[in-house]
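In what follows, a structure is listed as structure tokens, so that the remarks can point back to it.
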Amino acid sequence: MIPTVEQIRELLSAGGAKSALLVDREELVAVANFLKTDPQLRFDFCSCVTAVDYLQQGYIEVVYHLYSVALKHGPLALKVRAPRALEQCRVPSLTLVWRGCEFQEREAYDLFGVKFDGHPDLRRILMWDEFVDHPMRKDYVPPMDYEWEPTPHGETLARAKAQGGYVPASAREAGK
Amino acid sequence: MSGTGFIETQTLEVSLGPQHPSTHGVFRMDVVLEGETVVKLKPVMGYLHRNHEKLAENMTWLGSMPYTDRLDYFCSMTNNWAYALAVEKMTGLKVPERAEYIRVIMAELTRLLNHACAIGFLFSDCGAWFTPILYALRERERILDFFETVSGARMMCNYMRFGGVRVDLDDAAMAMARDLVARWPAFLDEFEKLLLGNEVFLARTQGVGILPRELAINASISGPMARASGVEYDIRKVDKYGVYDRFDFRVPVGERGDVFDRFMIRLLEMRESVKILQQALRDIPPGPVLAPEAKLRNFKVPAGDGYARIEAPKGELGFYLVSDGGTKPYRYHVRPPSFINLTVLEDMCLGHKVADVVIILGSVDIVLGEVDR
Amino acid sequence: MNGFPGKGLLDGLLVTAKNFVGSYFDGHRKERLFTWQYPEERMKLPERSRTFPFLVYDGSPENLRCTACKICEAECPPQCIYIVMDRDAHGKPLHRPKVFTIDTSVCMQCGICAEVCPFDSIKMDCDFERSRPGRFGELLAHLSDLLKSNEYYHQIKPAEAARVDATRRPIKRPPAAAAPPGKK
């Protein structure tokens with residue numbers, strides 16, 4: 001359901017975490033086009049595109065932060081959710097609406113596994129092409145790092161593990 | 001195989017980088033050439049990917065601050081400020097006035113050193129081996145000495161805290177800052193005399209790498225690159241974060257959006273930064289530099305998300321943070337200007353020669369620490 | 001551009017010529033000749049300049065300020081500090097470190113450990129000439145490497161050390177428990 005201009009205005013003046021518009025996947029492109037072309041809103045600048053992995057809630061949320069260069073207002077956060085399972089994690093791409101989403105959607109695909117339908121060139125951008133799995137997911141387990149060499153820092157890492165800090169998998173293996 | 005007339009030609013795929021003195025870091029471009037003319041260009045990045053965003057999920061809110069220094073490693077102060085701003089937005093911490101002025105001073109000094117070096121590197125890409133850079137570096141050294149006097153480190157300053165700055169500027173530091181700023185107009189005059197009229201440079205950069213205004217807005221280009229294309233958007237004037245609304249400065253906007261315009265915008269922005277610095281150093285009030293309720297340890301941010309951005313020297317640097325109410329971020333995302341400004345690299349380079357590709361990349365002014373994080 | 005063709009180039013060349021010739025008549029480290037010929041000449045570093053951490057003791061190394069509270073270990077972003085508290089024969093904490101190692105190959109000199117220490121015991125040194133021939137082990141700083149006297153602290157950072165001396169309270173450690181009779 002495409003929101004009205006008044007609803008958007010309310011969100012903008014609320015500001016902060018409340019200025020978020022959650023839409024369904026099917027309506028995303030229509031809402032985006034409306035936000036961009038409506039003469040009173042004119043959100044022509046898509047500043048930031050990112051994904052957040054909500055492991056407990058079971059979805060990955062893609063967030064678009066929109067500003068208006070013409071009317072100098074913003075930000076408006078446009079949020080859309082997709083299930084975490086890799087085959088179902090698809091969201092329509094907004095690259096054809098805002099070209100600036102191109103690299104950032106590629107990054108969300110690379111690091112989170114969210115596929116953007118309609119993206120002109122969806123492939124990995126930060127990790128190398130043969131890389132497997134998506135590192136920023138909360139349940140990502142790094143592979144055995146065969147280049148890891150034991151250093152005195154290993155004891156510190158064991159200590160950190162005991163205190164609940166991040167320990168790479170290779171050190172976890174070696175410490176057992 | 002293609003051909004014009006009776007000569008059959010082939011396209012040549014060249015990989016420019018990742019180790020190449022003019023690519024501003026480990027960055028590769030796969031270029032397809034027809035003779036010397038570019039017909040296709042794909043940027044390849046990720047050689048400096050350090051997974052800063054995942055590291056931040058395992059560290060306290062303050063522990064990420066030294067890592068933000070290493071994002072755009074030329075401009076550590078502005079990176080710190082953007083992160084501190086995002087956290088302050090989510091927690092509602094009020095920054096004391098003196099700290100706001102100090103932040104503006106540090107940010108504008110960072111802008112000076114970044115633009116001077118960016119111009120220097122652009123000239124190095126054009127083939128003026130190192131002379132303009134050394135002029136810029138000579139002045140940059142003074143600013144880095146000032147940063148060392150204040151924060152203890154030249155580049156990785158780790159100076160801003162949530163709710164203010166780490167330590168105050170004493171009288172000796174203030175005198176050093178005033179002396180530093182007083183030298184800049186003369187340096188800028190000398191720099192302009194050295195570079196601005198150079199006919200070789202003008203011939204190489206005017207009309208090269210044109211970015212149309214509509215494409216700049218649609219592709220989320222920000223910073224001097226967008227303003228050179230005619231987009232009148234400066235976050236210091238639009239968002240008015242910090243105390244920027246108290247200073248009188250202009251925002252230069254270009255017309256054509258070619259490499260020469262981007263160079264000119266940076267040159268003019270340096271003059272405006274000097275103006276802001278003079279006003280800030282004159283008006284800075286006494287007082288505390290850290291909010292009394294700011295804590296170093298066990299610092300919790302209320303649950304929710306927030307996005308804050310600043311006008312970093314390279315463009316719009318934003319931080320999107322999601323908190324679950326604890327001492328560590330749930331999601332920490334950096335919106336890097338250099339990364340997004342590279343979206344239009346192919347559009348700007350098509351039809352130009354390979355040598356122009358290097359100059360166009362130099363005018364985008366990227367830093368790989370920010371592109372790859 | 002106004003002027004004859006080539007004027008811009010000549011203007012630029014005049015600037016470089018002025019700097020080149022001026023560097024001979026500049027006197028030491030004024031405008032044109034600004035290189036420090038290290039290691040014969042060294043810059044005087046500003047007081048706040050920081051490199052790696054060190055531990056402060058008052059008087060003798062046994063009288064170190066560190067109580068092994070492990071706050072610096074917890075707050076260190078790359079987790080390069082490793083501390084083990086010294087305990088007496090009964091396992092009671094003696095509030096001094098038995099092991100205190102900093103892996104200087106990991107340390108990123110951010111200074112957060114010095115900022116959070118409640119006992120003013122870990123401070124940032126300014127010694128940067130620390131290269132070692134080996135890669136493993138040599139860059140690990142042990143307790144004996146890290147302990148430096150308060151006089152050294154006053155020497156490298158006089159204003160800061162004076163401020164610390166004026167505001168800190170001396171550390172009182174509980175005496176070690178006496179061994180009960182019949183047990184060693």
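All residue names refer to the structure tokens as shown: chains lettered A, B, ... in order, residues numbered from 1 in each chain, ligands numbered from 1 in order.
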Please identify every residue of chain C that has at least one atom no more than 6 Å from any atom of chain B, counting only C-alpha atoms, and report them as a list of chain:residue names.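 Result, ordered by chain then number: C:Gly8, C:Leu9, C:Gly12, C:Val15, C:Pro46, C:Arg48, C:Ser49, C:Arg50, C:Pro77.
Every protein, DNA or RNA residue with an atom at most 8 Å from B:Ala226, where only C-alpha atoms count and chain neighbours fewer than 3 positions away do not, is listed here: Arg213, Ala216, Ile217, Ile221, Ser222, Gly223, Ser229, Gly230, Val231, Tyr233 and Gly257 of chain B.
The neighbours of stretch 76-80 of chain A here are the residues that come within 8 Å of it, using only C-alpha atoms and leaving out any residue fewer than 2 positions away in the same chain; they are Leu11, Leu12, Ser19, Ala20, Leu21, Leu22, Val23, Asp24, Arg25, Leu28, Glu61, Val62, Val63, Tyr64, His65, Leu66, Tyr67, Gly74, Ala82 and Val91 of chain A.
With only C-alpha atoms taken into account, chain C has Cys80, Ile81, Tyr82, Asp103, Phe136 and Gly137 of chain C at most 7 Å from chain A.
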Rounded to one decimal, what separation in Å do you get between atom CA of B:Met45 and atom CA of B:Phe27?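 About the pair atom CA of B:Met45 and atom CA of B:Phe27: they are 5.5 Å apart.
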